[in-house]
$ cat coords-v6.txt   # compact mmCIF, C-alpha atoms
# COMPACT_ATOMS: atom_id res chain seq x y z
CA MET A 1 -23.47 49.19 -133.83
CA SER A 2 -21.63 50.21 -130.73
CA ASP A 3 -18.46 48.20 -131.26
CA THR A 4 -15.36 49.76 -132.77
CA SER A 5 -16.03 48.75 -136.38
CA PRO A 6 -16.41 51.82 -138.60
CA ASP A 7 -17.69 49.72 -141.53
CA PHE A 8 -21.23 51.03 -141.49
CA PRO A 9 -22.23 49.61 -144.90
CA SER A 10 -21.42 46.06 -143.75
CA ARG A 11 -23.13 46.58 -140.44
CA LEU A 12 -26.29 47.84 -142.13
CA ARG A 13 -26.26 44.86 -144.52
CA ALA A 14 -25.85 42.53 -141.52
CA VAL A 15 -29.24 43.66 -140.17
CA GLY A 16 -30.96 43.48 -143.56
CA LEU A 17 -30.75 47.15 -144.55
CA ARG A 18 -29.43 48.35 -147.87
CA PRO A 19 -26.52 50.71 -147.16
CA THR A 20 -27.68 53.74 -149.11
CA ARG A 21 -25.52 56.84 -148.95
CA GLN A 22 -28.08 58.53 -146.70
CA ARG A 23 -28.43 55.58 -144.29
CA VAL A 24 -24.66 55.25 -143.98
CA ALA A 25 -24.31 58.98 -143.31
CA LEU A 26 -27.05 58.86 -140.66
CA ALA A 27 -25.55 55.75 -139.05
CA ARG A 28 -22.19 57.49 -138.88
CA LEU A 29 -23.74 60.54 -137.15
CA LEU A 30 -25.68 58.34 -134.74
CA PHE A 31 -23.13 55.72 -133.76
CA GLU A 32 -19.66 57.23 -133.99
CA GLY A 33 -19.91 59.31 -130.84
CA GLY A 34 -21.02 56.79 -128.22
CA HIS A 35 -24.45 56.38 -126.67
CA ARG A 36 -26.92 59.17 -127.22
CA HIS A 37 -30.60 60.09 -127.43
CA VAL A 38 -31.90 61.91 -130.51
CA THR A 39 -35.20 62.99 -131.92
CA ALA A 40 -35.77 63.00 -135.66
CA GLU A 41 -35.71 66.78 -135.53
CA SER A 42 -32.44 67.00 -133.60
CA LEU A 43 -30.76 64.51 -135.95
CA HIS A 44 -32.08 66.42 -138.94
CA ALA A 45 -30.56 69.61 -137.50
CA GLU A 46 -27.19 67.81 -137.28
CA VAL A 47 -27.59 66.67 -140.88
CA ARG A 48 -28.30 70.22 -141.99
CA SER A 49 -25.29 71.53 -140.02
CA ALA A 50 -23.14 68.97 -141.82
CA GLN A 51 -24.65 70.22 -145.10
CA MET A 52 -25.89 66.76 -146.04
CA PRO A 53 -28.85 66.62 -148.45
CA VAL A 54 -31.22 64.52 -146.32
CA SER A 55 -34.88 65.43 -145.76
CA LEU A 56 -36.66 65.23 -142.42
CA ALA A 57 -38.87 62.46 -143.87
CA THR A 58 -35.76 60.43 -144.74
CA VAL A 59 -34.43 60.91 -141.21
CA TYR A 60 -37.75 59.66 -139.76
CA ASN A 61 -37.75 56.67 -142.11
CA ALA A 62 -34.15 55.76 -141.33
CA LEU A 63 -34.67 56.02 -137.57
CA ASN A 64 -37.70 53.75 -137.77
CA GLN A 65 -35.81 51.29 -139.99
CA PHE A 66 -32.83 51.29 -137.59
CA ARG A 67 -35.26 50.71 -134.69
CA ASP A 68 -37.01 47.87 -136.50
CA ALA A 69 -33.62 46.28 -137.30
CA GLY A 70 -32.63 46.40 -133.62
CA LEU A 71 -29.97 49.11 -133.95
CA LEU A 72 -31.90 51.69 -131.92
CA ARG A 73 -34.43 51.69 -129.14
CA GLU A 74 -37.38 54.06 -129.25
CA VAL A 75 -38.32 55.81 -126.02
CA VAL A 76 -41.79 57.36 -126.14
CA VAL A 77 -42.04 60.09 -123.51
CA ALA A 78 -45.41 61.50 -124.60
CA PRO A 79 -47.85 61.00 -127.46
CA GLY A 80 -46.02 62.13 -130.57
CA ARG A 81 -42.73 62.67 -128.69
CA SER A 82 -40.12 59.96 -129.19
CA TYR A 83 -36.40 59.75 -128.67
CA PHE A 84 -34.18 57.19 -130.33
CA ASP A 85 -31.54 55.66 -128.07
CA THR A 86 -28.32 54.19 -129.46
CA ASN A 87 -27.91 52.18 -126.25
CA ILE A 88 -29.99 49.06 -126.90
CA GLY A 89 -28.86 47.33 -123.71
CA HIS A 90 -31.30 47.02 -120.82
CA HIS A 91 -31.51 50.29 -118.90
CA HIS A 92 -34.04 52.92 -117.87
CA HIS A 93 -34.38 56.68 -118.21
CA PHE A 94 -34.82 59.91 -116.33
CA TYR A 95 -36.78 62.36 -118.48
CA VAL A 96 -36.21 66.01 -117.59
CA GLU A 97 -39.61 67.40 -118.58
CA SER A 98 -38.59 71.04 -118.40
CA ASP A 99 -35.61 70.55 -120.75
CA GLY A 100 -36.67 67.56 -122.85
CA GLU A 101 -33.52 65.63 -121.89
CA LEU A 102 -33.16 61.89 -121.38
CA HIS A 103 -30.56 60.40 -119.06
CA ASP A 104 -29.80 56.70 -118.70
CA PHE A 105 -29.67 54.83 -115.43
CA PRO A 106 -28.89 51.13 -114.92
CA SER A 107 -31.72 48.64 -114.74
CA ASP A 108 -30.27 47.11 -111.58
CA LYS A 109 -31.25 50.31 -109.74
CA VAL A 110 -34.95 49.43 -110.10
CA THR A 111 -36.89 46.55 -108.60
CA ILE A 112 -40.22 45.73 -110.18
CA SER A 113 -42.57 43.31 -108.50
CA GLY A 114 -46.18 42.35 -108.78
CA LEU A 115 -46.53 42.56 -112.55
CA PRO A 116 -49.70 40.87 -113.76
CA ALA A 117 -49.40 37.89 -116.06
CA PRO A 118 -49.24 38.95 -119.70
CA PRO A 119 -52.22 38.21 -121.94
CA LYS A 120 -52.61 34.62 -123.10
CA GLY A 121 -50.35 33.79 -126.02
CA THR A 122 -47.85 36.55 -125.22
CA ARG A 123 -44.70 36.81 -123.16
CA LEU A 124 -43.00 39.67 -121.39
CA SER A 125 -40.20 41.07 -123.53
CA ARG A 126 -39.06 44.12 -121.57
CA VAL A 127 -40.15 46.62 -118.94
CA ASP A 128 -39.26 50.27 -119.60
CA VAL A 129 -39.19 52.74 -116.74
CA ILE A 130 -39.22 56.48 -117.40
CA VAL A 131 -38.83 58.60 -114.27
CA ARG A 132 -40.03 62.14 -114.98
CA VAL A 133 -38.18 64.95 -113.23
CA ARG A 134 -38.14 68.77 -113.42
CA ARG A 135 -35.45 71.37 -112.80
$ encode --input "coords-v6.txt" --output "structure tokens"
Amino acid sequence: MSDTSPDFPSRLRAVGLRPTRQRVALARLLFEGGHRHVTAESLHAEVRSAQMPVSLATVYNALNQFRDAGLLREVVVAPGRSYFDTNIGHHHHFYVESDGELHDFPSDKVTISGLPAPPKGTRLSRVDVIVRVRR
């Protein structure tokens, strides 16, 4: 959803999602401002600031639906702690543990070698690197 088209209902339909009022509103918040990392809680806080009647459960559901439809990428930094990334292109992350911030860095800055063969009947789809840093 990162191109210049503001037609969020059509874009949601294109990935198999019904463009409900709440999904369209959440898509607008997520994708109008460029690439970003959000948690369900931080997005819900934005929703509340905008005085939109959307529950935290609806935010969680929409984020998971957007992820499953390929509109977002989930970055799990710890058990029970996920960020949703609007940049679905191949890249990696610095995670600032002390602040809970994620920062992108290009995948061409990392060389990975010596990966074992994936289990029989599977294929490698992506390698995610999270470099943990502290201030």
$ residues_around --input "coords-v6.txt" --residues "range 25-39 of chain A" --least-positions-apart "6" --cutoff "6 Å" --atoms "all atoms listed in the file" --output "list in words"
Tyr83, Phe84, Asp85, Thr86 and Asn87 of chain A
$ residues_around --input "coords-v6.txt" --residues "Pro53 in chain A" --least-positions-apart "3" --cutoff "9 Å" --atoms "all atoms listed in the file" --output "number ranges by chain"
A: 22, 47-48
$ write_last_selection --input "coords-v6.txt" --atoms "C-alpha atoms" --output "mmCIF file, in the coordinates of the input"
data_model
loop_
_atom_site.group_PDB
_atom_site.id
_atom_site.type_symbol
_atom_site.label_atom_id
_atom_site.label_comp_id
_atom_site.auth_asym_id
_atom_site.auth_seq_id
_atom_site.Cartn_x
_atom_site.Cartn_y
_atom_site.Cartn_z
ATOM 1 C CA GLN A 22 -28.080 58.530 -146.700
ATOM 2 C CA VAL A 47 -27.590 66.670 -140.880
ATOM 3 C CA ARG A 48 -28.300 70.220 -141.990
#
$ atom_distance --input "coords-v6.txt" --atom1 "CA of Ser98 in chain A" --atom2 "CA of Ile112 in chain A"
26.7 Å
$ closest_residue --input "coords-v6.txt" --among "A:Arg21, A:Arg13, A:His91, A:His103" --to "Phe66 in chain A" --atoms "only C-alpha atoms"
A:Arg13
$ atom_distance --input "coords-v6.txt" --atom1 "CA of Val96 in chain A" --atom2 "CA of Val131 in chain A"
8.5 Å
$ atom_distance --input "coords-v6.txt" --atom1 "CA of Leu12 in chain A" --atom2 "CA of Glu46 in chain A"
20.6 Å
$ residues_around --input "coords-v6.txt" --residues "Arg81 in chain A" --least-positions-apart "2" --cutoff "10 Å" --atoms "only C-alpha atoms" --output "VMD selection string"
chain A and resid 39 to 40 75 to 79 83 100
